[in-house]
file coords-v7.cif (mmCIF, C-alpha atoms and all ligand atoms)
data_structure
loop_
_atom_site.label_atom_id
_atom_site.label_comp_id
_atom_site.auth_asym_id
_atom_site.auth_seq_id
_atom_site.Cartn_x
_atom_site.Cartn_y
_atom_site.Cartn_z
CA MET A 201 -42.70 49.88 -0.16
CA ARG A 202 -45.96 50.28 -2.02
CA ASP A 203 -49.03 50.68 0.16
CA VAL A 204 -52.19 49.26 -1.41
CA THR A 205 -54.33 49.35 1.75
CA ASP A 206 -56.28 52.23 0.18
CA VAL A 207 -57.84 49.95 -2.45
CA HIS A 208 -61.20 50.20 -0.61
CA GLU A 209 -61.49 53.84 -1.71
CA GLU A 210 -61.85 52.71 -5.30
CA PHE A 211 -64.90 50.67 -4.25
CA ASP A 212 -66.36 53.43 -2.03
CA GLY A 213 -65.96 51.32 1.08
CA GLU A 214 -64.35 51.41 4.49
CA ARG A 215 -60.96 49.80 4.99
CA LEU A 216 -62.69 46.90 6.79
CA PRO A 217 -65.26 45.58 4.29
CA PRO A 218 -68.87 45.01 5.43
CA GLY A 219 -69.46 41.84 7.43
CA GLN A 220 -65.74 41.36 8.19
CA HIS A 221 -63.99 41.44 11.57
CA GLU A 222 -60.33 42.24 12.10
CA THR A 223 -57.97 39.60 13.43
CA SER A 224 -54.40 40.20 14.51
CA SER A 225 -53.43 36.56 14.08
CA PHE A 226 -53.11 35.09 10.61
CA PRO A 227 -55.48 32.11 10.43
CA VAL A 228 -54.70 29.28 8.04
CA LEU A 229 -57.42 28.22 5.63
CA SER A 230 -56.80 25.33 3.26
CA LYS A 231 -59.04 22.71 1.73
CA GLY A 232 -56.67 19.95 2.81
CA ASP A 233 -53.15 19.26 4.01
CA VAL A 234 -50.09 21.32 3.12
CA PRO A 235 -48.77 19.70 -0.07
CA SER A 236 -45.10 18.99 -0.49
CA VAL A 237 -43.62 21.27 -3.11
CA PRO A 238 -40.40 19.95 -4.69
CA ALA A 239 -37.39 22.19 -4.10
CA ASP A 240 -36.73 22.37 -7.84
CA SER A 241 -40.33 23.16 -8.74
CA THR A 242 -41.24 25.53 -11.52
CA LEU A 243 -44.07 27.89 -12.25
CA ASP A 244 -45.65 26.63 -15.45
CA VAL A 245 -47.32 29.21 -17.66
CA TRP A 246 -49.41 28.06 -20.60
CA GLY A 247 -52.47 28.65 -22.73
CA ALA A 248 -53.15 31.92 -24.53
CA VAL A 249 -49.58 33.22 -24.38
CA ASP A 250 -46.85 33.81 -26.97
CA ASP A 251 -44.25 31.81 -25.14
CA GLU A 252 -45.25 28.93 -22.83
CA ARG A 253 -42.67 28.58 -20.10
CA SER A 254 -41.69 26.63 -17.02
CA ILE A 255 -40.04 29.22 -14.82
CA PRO A 256 -37.78 27.94 -12.03
CA LEU A 257 -38.73 29.63 -8.76
CA GLU A 258 -35.23 31.05 -8.40
CA THR A 259 -35.59 32.70 -11.81
CA LEU A 260 -38.92 34.11 -10.72
CA GLU A 261 -37.45 35.49 -7.51
CA ALA A 262 -34.72 37.18 -9.52
CA LEU A 263 -37.29 39.19 -11.50
CA GLU A 264 -38.17 42.68 -10.41
CA SER A 265 -39.97 42.31 -7.08
CA GLU A 266 -41.81 44.64 -4.78
CA ARG A 267 -42.72 44.88 -1.13
CA GLN A 268 -46.34 45.85 -0.53
CA ARG A 269 -48.53 46.56 2.46
CA GLN A 270 -51.87 44.88 1.83
CA ASP A 271 -55.04 43.84 3.62
CA PHE A 272 -56.26 40.26 3.42
CA HIS A 273 -59.98 39.44 3.54
CA CYS A 274 -61.22 35.86 3.92
CA VAL A 275 -64.73 35.19 2.69
CA THR A 276 -65.51 33.40 5.99
CA GLY A 277 -65.38 36.80 7.72
CA TRP A 278 -61.91 37.56 9.04
CA SER A 279 -59.56 40.23 7.75
CA ARG A 280 -55.90 40.65 8.53
CA LEU A 281 -54.87 44.25 7.91
CA GLY A 282 -51.41 45.43 6.93
CA CYS A 283 -49.69 42.25 5.74
CA ILE A 284 -46.30 42.92 4.18
CA PHE A 285 -45.78 40.71 1.14
CA ARG A 286 -42.81 40.59 -1.19
CA GLY A 287 -43.20 39.15 -4.64
CA ALA A 288 -43.18 39.70 -8.37
CA ARG A 289 -46.17 41.34 -9.88
CA PHE A 290 -48.44 39.08 -11.89
CA ARG A 291 -48.00 41.67 -14.66
CA THR A 292 -44.26 41.11 -14.77
CA VAL A 293 -44.81 37.42 -15.48
CA ALA A 294 -47.55 38.19 -18.03
CA ASP A 295 -45.10 40.50 -19.84
CA LEU A 296 -42.42 37.82 -19.72
CA VAL A 297 -44.54 35.26 -21.57
CA GLY A 298 -46.52 37.74 -23.67
CA THR A 299 -50.30 37.33 -23.54
CA SER A 300 -52.27 36.57 -26.70
CA GLU A 301 -54.64 39.23 -27.94
CA ASP A 302 -57.63 37.01 -27.16
CA ALA A 303 -56.55 36.16 -23.59
CA VAL A 304 -59.30 37.40 -21.25
CA HIS A 305 -59.23 35.11 -18.23
CA VAL A 306 -56.81 33.29 -15.94
CA LEU A 307 -56.97 30.01 -14.03
CA PHE A 308 -54.41 29.60 -11.26
CA HIS A 309 -53.29 26.05 -10.41
CA ALA A 310 -51.80 24.86 -7.15
CA HIS A 311 -49.86 21.84 -5.86
CA ASP A 312 -52.79 20.71 -3.66
CA GLY A 313 -55.09 20.51 -6.69
CA TYR A 314 -56.71 23.85 -5.85
CA THR A 315 -57.63 26.20 -8.66
CA THR A 316 -59.15 29.68 -8.76
CA ASP A 317 -60.07 31.98 -11.63
CA LEU A 318 -60.13 35.69 -12.33
CA PRO A 319 -60.58 37.93 -15.36
CA LEU A 320 -57.19 38.87 -16.78
CA ARG A 321 -57.79 42.57 -16.14
CA ASP A 322 -58.19 41.82 -12.41
CA CYS A 323 -54.82 40.09 -12.39
CA LEU A 324 -52.91 42.92 -14.06
CA ARG A 325 -53.43 45.33 -11.16
CA ASP A 326 -50.46 46.53 -9.09
CA GLY A 327 -51.60 44.64 -5.98
CA VAL A 328 -51.63 41.17 -7.51
CA LEU A 329 -48.35 39.58 -6.49
CA LEU A 330 -46.78 36.16 -6.79
CA ALA A 331 -45.41 36.33 -3.27
CA TRP A 332 -42.66 34.42 -1.48
CA GLU A 333 -42.23 36.58 1.64
CA LEU A 334 -44.65 37.58 4.41
CA ASP A 335 -43.75 40.12 7.10
CA GLY A 336 -40.04 39.90 6.28
CA GLU A 337 -39.77 36.11 6.38
CA ALA A 338 -39.94 33.37 3.79
CA LEU A 339 -43.57 32.45 3.30
CA SER A 340 -44.34 29.45 5.53
CA GLY A 341 -45.72 26.22 4.11
CA GLU A 342 -49.11 26.65 5.72
CA HIS A 343 -49.52 30.12 4.21
CA GLY A 344 -48.63 28.86 0.74
CA GLY A 345 -44.83 28.83 0.58
CA PRO A 346 -42.78 28.71 -1.49
CA LEU A 347 -45.06 30.75 -3.77
CA ARG A 348 -48.60 32.09 -3.50
CA VAL A 349 -50.83 34.67 -5.12
CA VAL A 350 -52.32 37.62 -3.21
CA THR A 351 -55.31 39.60 -4.45
CA PRO A 352 -56.01 42.52 -2.07
CA HIS A 353 -59.01 43.75 -4.10
CA LYS A 354 -60.75 40.34 -3.81
CA TYR A 355 -61.62 37.79 -1.13
CA ALA A 356 -58.55 35.73 -0.40
CA TYR A 357 -59.77 32.52 -2.03
CA LYS A 358 -58.71 34.21 -5.27
CA GLY A 359 -55.09 33.91 -4.09
CA ALA A 360 -53.81 30.40 -4.73
CA LYS A 361 -51.27 29.09 -2.21
CA TRP A 362 -48.55 26.68 -3.42
CA LEU A 363 -48.85 28.10 -6.90
CA SER A 364 -47.83 25.63 -9.60
CA GLY A 365 -49.23 27.12 -12.77
CA ILE A 366 -50.93 29.99 -14.50
CA GLU A 367 -53.23 29.16 -17.40
CA PHE A 368 -54.25 32.01 -19.69
CA LEU A 369 -57.70 31.52 -21.21
CA THR A 370 -59.81 32.89 -24.04
CA GLU A 371 -62.96 32.14 -22.07
CA ARG A 372 -63.74 31.57 -18.42
CA LYS A 373 -63.02 28.31 -16.62
CA ARG A 374 -64.16 28.11 -13.00
CA GLY A 375 -61.89 27.32 -10.09
CA TYR A 376 -62.35 25.00 -7.10
CA TRP A 377 -64.58 27.23 -4.94
CA GLU A 378 -66.14 28.96 -7.93
CA ARG A 379 -67.51 25.58 -9.06
CA ARG A 380 -68.93 25.12 -5.55
CA GLY A 381 -70.97 28.30 -5.49
CA TYR A 382 -68.51 31.00 -4.48
CA SER A 383 -68.62 34.27 -6.38
CA GLY A 384 -66.57 34.67 -9.53
CA THR A 385 -66.10 38.37 -8.89
CA ALA A 386 -65.53 38.21 -5.09
CA ASN A 387 -65.48 41.94 -4.35
CA PRO A 388 -65.35 42.30 -0.54
CA TRP A 389 -66.89 45.80 -0.53
CA ASN A 390 -69.97 44.52 -2.35
CA GLU A 391 -69.99 41.35 -0.20
CA GLU A 392 -69.84 39.18 -3.29
CA ARG A 393 -69.43 35.92 -1.36
CA TYR A 394 -71.68 33.45 -3.18
CA VAL A 395 -73.02 33.30 -6.69
CA SER A 396 -76.45 34.38 -5.49
CA ASP A 397 -74.82 37.68 -4.43
CA THR A 398 -73.60 38.44 -7.93
CA ALA A 399 -74.38 38.13 -11.60
CA ASP A 400 -72.16 35.09 -12.03
N1 LIG A 501 -53.77 26.09 -2.97
C1 LIG A 501 -54.71 26.62 -2.16
N2 LIG A 501 -54.81 27.95 -2.10
C2 LIG A 501 -55.73 28.52 -1.31
C3 LIG A 501 -56.61 27.75 -0.53
C4 LIG A 501 -56.48 26.33 -0.61
O1 LIG A 501 -57.21 25.56 0.02
N3 LIG A 501 -55.51 25.80 -1.43
N4 LIG A 501 -57.54 28.37 0.26
C5 LIG A 501 -57.93 29.76 -0.08
C6 LIG A 501 -58.67 30.44 0.95
S1 LIG A 501 -60.31 30.07 1.07
C7 LIG A 501 -58.12 31.46 1.70
S2 LIG A 501 -59.04 32.39 2.79
C8 LIG A 501 -56.68 31.73 1.67
C9 LIG A 501 -56.13 31.51 3.06
O2 LIG A 501 -54.78 31.83 3.12
P1 LIG A 501 -54.01 31.58 4.49
O3 LIG A 501 -54.15 30.13 4.84
O4 LIG A 501 -52.61 32.01 4.23
O5 LIG A 501 -54.70 32.43 5.53
O6 LIG A 501 -55.98 30.89 0.75
C10 LIG A 501 -56.69 30.60 -0.43
N5 LIG A 501 -55.78 29.88 -1.30
MO MO A 502 -61.19 31.84 2.46
#

call {"tool": "encode", "arguments": {"input": "coords-v7.cif", "output": "structure tokens"}}
result
Amino acid sequence: MRDVTDVHEEFDGERLPPGQHETSSFPVLSKGDVPSVPADSTLDVWGAVDDERSIPLETLEALESERQRQDFHCVTGWSRLGCIFRGARFRTVADLVGTSEDAVHVLFHAHDGYTTDLPLRDCLRDGVLLAWELDGEALSGEHGGPLRVVTPHKYAYKGAKWLSGIEFLTERKRGYWERRGYSGTANPWNEERYVSDTAD
């Protein structure tokens, strides 16, 4: 198992980022109800890629996967330390479709209409997983099953639950919360919560 709970060292911070408190439960935070995700759903990948694809979830789960220990920081102030996720790395999927030379940004799409965006380089890190397992069990619906993104180096709104698509972009498009004033960069150790905290 890969342990990425040391990611705070890269940002010269403590394991618990400033202004966060630790919770042992795993709260659920969604903008609406849990959407129904069809059993035969696919992960659609399009935009600035060589090979646009609709990947059946069972194909995705047959790719090389990894178990990781990660911390999870919600922008509203709670952190759950030491979550064990299993999933495929974002990078594995990027390699599968081949990213165009001018791809610089990514917009994640979800079955509840949620979107969130990140620079491509932030998505290619080891810790960014398309996850289907949490703490040894299939990811529950409320936590984003069957497939969600986790981004341990960012506030958790960067991790789309009920992932339906990945759009590769040549320039930034903003996601759901990013259009409503949340930080584009979302670094928990710099407390980049709202746009006024950051450059963008
Ligand atoms: N599709 C979707 N993904 C989402 C959200 C959402 O509303 N819809 N909320 C985000 C927010 S703000 C957080 S903190 C985490 C919460 O994940 P959890 O409910 O598993 O704790 O999911 C993120 N991903
Ligand atoms: Mo959040």

call {"tool": "residues_near_ligand", "arguments": {"input": "coords-v7.cif", "ligand": "ligand MO 502 (chain A)", "cutoff": "10 Å", "atoms": "all atoms listed in the file", "output": "VMD selection string"}}
result
chain A and resid 227 to 231 272 to 278 355 to 359 377 393

call {"tool": "residues_around", "arguments": {"input": "coords-v7.cif", "residues": "segment 328-336 of chain A", "least_positions_apart": "2", "cutoff": "8 Å", "atoms": "all atoms listed in the file", "output": "PyMOL selection string"}}
result
chain A and resi 283-290+323-326+338-339+345-352

call {"tool": "closest_residue", "arguments": {"input": "coords-v7.cif", "among": "A:Arg379, A:Lys373, A:Arg280, A:His353", "to": "Asp206 of chain A", "atoms": "only C-alpha atoms"}}
result
A:His353

call {"tool": "closest_residue", "arguments": {"input": "coords-v7.cif", "among": "A:Ser340, A:Pro235, A:Val297, A:Leu243", "to": "Ile255 of chain A", "atoms": "all atoms listed in the file"}}
result
A:Leu243

call {"tool": "atom_distance", "arguments": {"input": "coords-v7.cif", "atom1": "atom CA of Ser265 of chain A", "atom2": "atom CA of Glu337 of chain A"}}
result
14.8 Å

call {"tool": "atom_distance", "arguments": {"input": "coords-v7.cif", "atom1": "atom CA of Pro238 of chain A", "atom2": "atom CA of Glu252 of chain A"}}
result
20.8 Å

call {"tool": "closest_residue", "arguments": {"input": "coords-v7.cif", "among": "A:Ala360, A:Val395, A:Leu369, A:Arg253", "to": "Gly381 of chain A", "atoms": "only C-alpha atoms"}}
result
A:Val395

call {"tool": "residues_near_point", "arguments": {"input": "coords-v7.cif", "point": "(-46.5, 34.1, -18.1)", "cutoff": "9 Å", "atoms": "all atoms listed in the file", "output": "PyMOL selection string"}}
result
chain A and resi 243-246+249-255+290-299+366-368

call {"tool": "closest_residue", "arguments": {"input": "coords-v7.cif", "among": "A:Arg372, A:Arg380, A:Arg215, A:His311", "to": "ligand LIG 501 (chain A)", "atoms": "all atoms listed in the file"}}
result
A:His311

call {"tool": "residues_near_point", "arguments": {"input": "coords-v7.cif", "point": "(-51.7, 25.8, -7.4)", "cutoff": "7 Å", "atoms": "only C-alpha atoms", "output": "mmCIF file with C-alpha atoms, in the frame of the given file"}}
result
data_model
loop_
_atom_site.group_PDB
_atom_site.id
_atom_site.type_symbol
_atom_site.label_atom_id
_atom_site.label_comp_id
_atom_site.auth_asym_id
_atom_site.auth_seq_id
_atom_site.Cartn_x
_atom_site.Cartn_y
_atom_site.Cartn_z
ATOM 1 C CA PHE A 308 -54.410 29.600 -11.260
ATOM 2 C CA HIS A 309 -53.290 26.050 -10.410
ATOM 3 C CA ALA A 310 -51.800 24.860 -7.150
ATOM 4 C CA HIS A 311 -49.860 21.840 -5.860
ATOM 5 C CA ASP A 312 -52.790 20.710 -3.660
ATOM 6 C CA GLY A 313 -55.090 20.510 -6.690
ATOM 7 C CA TYR A 314 -56.710 23.850 -5.850
ATOM 8 C CA THR A 315 -57.630 26.200 -8.660
ATOM 9 C CA ALA A 360 -53.810 30.400 -4.730
ATOM 10 C CA LYS A 361 -51.270 29.090 -2.210
ATOM 11 C CA TRP A 362 -48.550 26.680 -3.420
ATOM 12 C CA LEU A 363 -48.850 28.100 -6.900
ATOM 13 C CA SER A 364 -47.830 25.630 -9.600
ATOM 14 C CA GLY A 365 -49.230 27.120 -12.770
#

call {"tool": "axis_aligned_box", "arguments": {"input": "coords-v7.cif", "around": "ligand LIG 501 (chain A)", "padding_each_side": "5 Å", "output": "JSON"}}
result
{"center_x": -56.5, "center_y": 29.0, "center_z": 1.3, "size_x": 17.7, "size_y": 16.9, "size_z": 18.5}

call {"tool": "atom_distance", "arguments": {"input": "coords-v7.cif", "atom1": "atom CA of Leu320 of chain A", "atom2": "atom CA of Glu266 of chain A"}}
result
20.3 Å

call {"tool": "decode", "arguments": {"input": "coords-v7.cif", "residues": "segment 201-315 of chain A", "atoms": "C-alpha atoms", "output": "PDB file, in the first residue's frame"}}
result
ATOM      1  CA  MET A 201       0.000   0.000   0.000  1.00  0.00           C
ATOM      2  CA  ARG A 202       1.250   3.462  -0.872  1.00  0.00           C
ATOM      3  CA  ASP A 203       1.121   5.982   1.959  1.00  0.00           C
ATOM      4  CA  VAL A 204       0.561   9.551   0.760  1.00  0.00           C
ATOM      5  CA  THR A 205      -0.268  11.029   4.177  1.00  0.00           C
ATOM      6  CA  ASP A 206       3.117  12.800   4.071  1.00  0.00           C
ATOM      7  CA  VAL A 207       1.991  15.138   1.275  1.00  0.00           C
ATOM      8  CA  HIS A 208       1.850  18.019   3.801  1.00  0.00           C
ATOM      9  CA  GLU A 209       5.661  17.980   3.999  1.00  0.00           C
ATOM     10  CA  GLU A 210       5.842  19.155   0.408  1.00  0.00           C
ATOM     11  CA  PHE A 211       3.804  22.220   1.416  1.00  0.00           C
ATOM     12  CA  ASP A 212       5.745  22.831   4.653  1.00  0.00           C
ATOM     13  CA  GLY A 213       2.682  22.179   6.770  1.00  0.00           C
ATOM     14  CA  GLU A 214       1.489  19.969   9.587  1.00  0.00           C
ATOM     15  CA  ARG A 215      -0.444  16.817   8.782  1.00  0.00           C
ATOM     16  CA  LEU A 216      -3.648  18.579   9.914  1.00  0.00           C
ATOM     17  CA  PRO A 217      -3.842  21.734   7.764  1.00  0.00           C
ATOM     18  CA  PRO A 218      -4.483  25.119   9.442  1.00  0.00           C
ATOM     19  CA  GLY A 219      -8.090  25.779  10.417  1.00  0.00           C
ATOM     20  CA  GLN A 220      -9.082  22.093  10.132  1.00  0.00           C
ATOM     21  CA  HIS A 221     -10.284  19.760  12.890  1.00  0.00           C
ATOM     22  CA  GLU A 222      -9.992  15.988  12.815  1.00  0.00           C
ATOM     23  CA  THR A 223     -13.100  13.828  12.686  1.00  0.00           C
ATOM     24  CA  SER A 224     -13.165  10.069  13.078  1.00  0.00           C
ATOM     25  CA  SER A 225     -16.508   9.733  11.311  1.00  0.00           C
ATOM     26  CA  PHE A 226     -16.735  10.275   7.579  1.00  0.00           C
ATOM     27  CA  PRO A 227     -19.291  13.046   7.003  1.00  0.00           C
ATOM     28  CA  VAL A 228     -21.189  13.140   3.725  1.00  0.00           C
ATOM     29  CA  LEU A 229     -21.162  16.381   1.771  1.00  0.00           C
ATOM     30  CA  SER A 230     -23.114  16.639  -1.465  1.00  0.00           C
ATOM     31  CA  LYS A 231     -24.880  19.484  -3.205  1.00  0.00           C
ATOM     32  CA  GLY A 232     -28.017  17.374  -3.604  1.00  0.00           C
ATOM     33  CA  ASP A 233     -29.335  13.836  -3.498  1.00  0.00           C
ATOM     34  CA  VAL A 234     -27.340  10.726  -4.349  1.00  0.00           C
ATOM     35  CA  PRO A 235     -27.868  10.269  -8.101  1.00  0.00           C
ATOM     36  CA  SER A 236     -28.670   6.879  -9.525  1.00  0.00           C
ATOM     37  CA  VAL A 237     -25.759   5.599 -11.555  1.00  0.00           C
ATOM     38  CA  PRO A 238     -26.699   2.949 -14.142  1.00  0.00           C
ATOM     39  CA  ALA A 239     -25.028  -0.411 -13.563  1.00  0.00           C
ATOM     40  CA  ASP A 240     -23.639  -0.385 -17.102  1.00  0.00           C
ATOM     41  CA  SER A 241     -22.324   3.163 -16.879  1.00  0.00           C
ATOM     42  CA  THR A 242     -19.087   4.212 -18.493  1.00  0.00           C
ATOM     43  CA  LEU A 243     -16.415   6.754 -17.788  1.00  0.00           C
ATOM     44  CA  ASP A 244     -16.387   9.070 -20.792  1.00  0.00           C
ATOM     45  CA  VAL A 245     -13.094  10.723 -21.641  1.00  0.00           C
ATOM     46  CA  TRP A 246     -13.025  13.464 -24.250  1.00  0.00           C
ATOM     47  CA  GLY A 247     -11.513  16.753 -25.348  1.00  0.00           C
ATOM     48  CA  ALA A 248      -7.785  17.274 -25.829  1.00  0.00           C
ATOM     49  CA  VAL A 249      -6.894  13.582 -26.070  1.00  0.00           C
ATOM     50  CA  ASP A 250      -5.660  11.327 -28.882  1.00  0.00           C
ATOM     51  CA  ASP A 251      -8.358   8.747 -28.408  1.00  0.00           C
ATOM     52  CA  GLU A 252     -11.767   9.714 -26.960  1.00  0.00           C
ATOM     53  CA  ARG A 253     -13.212   6.745 -25.128  1.00  0.00           C
ATOM     54  CA  SER A 254     -16.160   5.512 -23.119  1.00  0.00           C
ATOM     55  CA  ILE A 255     -14.597   3.122 -20.642  1.00  0.00           C
ATOM     56  CA  PRO A 256     -16.916   0.593 -18.976  1.00  0.00           C
ATOM     57  CA  LEU A 257     -16.375   0.669 -15.211  1.00  0.00           C
ATOM     58  CA  GLU A 258     -15.425  -3.005 -15.208  1.00  0.00           C
ATOM     59  CA  THR A 259     -12.697  -2.261 -17.752  1.00  0.00           C
ATOM     60  CA  LEU A 260     -11.487   0.567 -15.566  1.00  0.00           C
ATOM     61  CA  GLU A 261     -11.394  -1.652 -12.489  1.00  0.00           C
ATOM     62  CA  ALA A 262      -9.332  -4.184 -14.424  1.00  0.00           C
ATOM     63  CA  LEU A 263      -6.589  -1.603 -15.041  1.00  0.00           C
ATOM     64  CA  GLU A 264      -3.616  -1.456 -12.739  1.00  0.00           C
ATOM     65  CA  SER A 265      -4.954  -0.276  -9.384  1.00  0.00           C
ATOM     66  CA  GLU A 266      -3.414   0.751  -6.121  1.00  0.00           C
ATOM     67  CA  ARG A 267      -4.354   0.922  -2.468  1.00  0.00           C
ATOM     68  CA  GLN A 268      -3.382   4.193  -0.808  1.00  0.00           C
ATOM     69  CA  ARG A 269      -3.563   5.671   2.662  1.00  0.00           C
ATOM     70  CA  GLN A 270      -4.676   9.272   2.297  1.00  0.00           C
ATOM     71  CA  ASP A 271      -6.010  12.179   4.320  1.00  0.00           C
ATOM     72  CA  PHE A 272      -9.215  13.920   3.279  1.00  0.00           C
ATOM     73  CA  HIS A 273      -9.740  17.630   3.954  1.00  0.00           C
ATOM     74  CA  CYS A 274     -13.130  19.285   3.453  1.00  0.00           C
ATOM     75  CA  VAL A 275     -13.084  23.023   2.890  1.00  0.00           C
ATOM     76  CA  THR A 276     -15.815  23.435   5.538  1.00  0.00           C
ATOM     77  CA  GLY A 277     -13.230  22.491   8.180  1.00  0.00           C
ATOM     78  CA  TRP A 278     -13.221  18.762   8.871  1.00  0.00           C
ATOM     79  CA  SER A 279     -10.463  16.330   7.996  1.00  0.00           C
ATOM     80  CA  ARG A 280     -10.610  12.565   8.039  1.00  0.00           C
ATOM     81  CA  LEU A 281      -7.101  11.157   8.373  1.00  0.00           C
ATOM     82  CA  GLY A 282      -5.916   7.802   7.070  1.00  0.00           C
ATOM     83  CA  CYS A 283      -8.628   6.820   4.587  1.00  0.00           C
ATOM     84  CA  ILE A 284      -7.725   3.715   2.604  1.00  0.00           C
ATOM     85  CA  PHE A 285      -8.808   4.083  -1.010  1.00  0.00           C
ATOM     86  CA  ARG A 286      -8.357   1.652  -3.862  1.00  0.00           C
ATOM     87  CA  GLY A 287      -8.507   2.879  -7.411  1.00  0.00           C
ATOM     88  CA  ALA A 288      -6.728   3.461 -10.684  1.00  0.00           C
ATOM     89  CA  ARG A 289      -4.445   6.408 -10.893  1.00  0.00           C
ATOM     90  CA  PHE A 290      -5.714   9.313 -12.957  1.00  0.00           C
ATOM     91  CA  ARG A 291      -2.383   9.029 -14.785  1.00  0.00           C
ATOM     92  CA  THR A 292      -3.151   5.488 -15.900  1.00  0.00           C
ATOM     93  CA  VAL A 293      -6.330   6.696 -17.599  1.00  0.00           C
ATOM     94  CA  ALA A 294      -4.533   9.715 -19.101  1.00  0.00           C
ATOM     95  CA  ASP A 295      -1.942   7.332 -20.583  1.00  0.00           C
ATOM     96  CA  LEU A 296      -4.696   5.098 -21.918  1.00  0.00           C
ATOM     97  CA  VAL A 297      -6.313   7.868 -23.959  1.00  0.00           C
ATOM     98  CA  GLY A 298      -3.123   9.825 -24.673  1.00  0.00           C
ATOM     99  CA  THR A 299      -3.260  13.530 -23.837  1.00  0.00           C
ATOM    100  CA  SER A 300      -2.761  16.137 -26.558  1.00  0.00           C
ATOM    101  CA  GLU A 301       0.340  18.286 -26.328  1.00  0.00           C
ATOM    102  CA  ASP A 302      -1.785  21.371 -25.645  1.00  0.00           C
ATOM    103  CA  ALA A 303      -3.871  19.787 -22.860  1.00  0.00           C
ATOM    104  CA  VAL A 304      -3.297  21.844 -19.708  1.00  0.00           C
ATOM    105  CA  HIS A 305      -6.474  21.549 -17.653  1.00  0.00           C
ATOM    106  CA  VAL A 306      -9.134  19.045 -16.660  1.00  0.00           C
ATOM    107  CA  LEU A 307     -12.852  19.321 -15.895  1.00  0.00           C
ATOM    108  CA  PHE A 308     -14.369  16.376 -14.036  1.00  0.00           C
ATOM    109  CA  HIS A 309     -18.066  15.651 -14.627  1.00  0.00           C
ATOM    110  CA  ALA A 310     -20.405  13.771 -12.320  1.00  0.00           C
ATOM    111  CA  HIS A 311     -23.816  12.088 -12.516  1.00  0.00           C
ATOM    112  CA  ASP A 312     -25.405  14.695 -10.200  1.00  0.00           C
ATOM    113  CA  GLY A 313     -24.392  17.516 -12.547  1.00  0.00           C
ATOM    114  CA  TYR A 314     -21.417  18.448 -10.352  1.00  0.00           C
ATOM    115  CA  THR A 315     -18.195  19.519 -11.998  1.00  0.00           C
TER     116      THR A 315
END
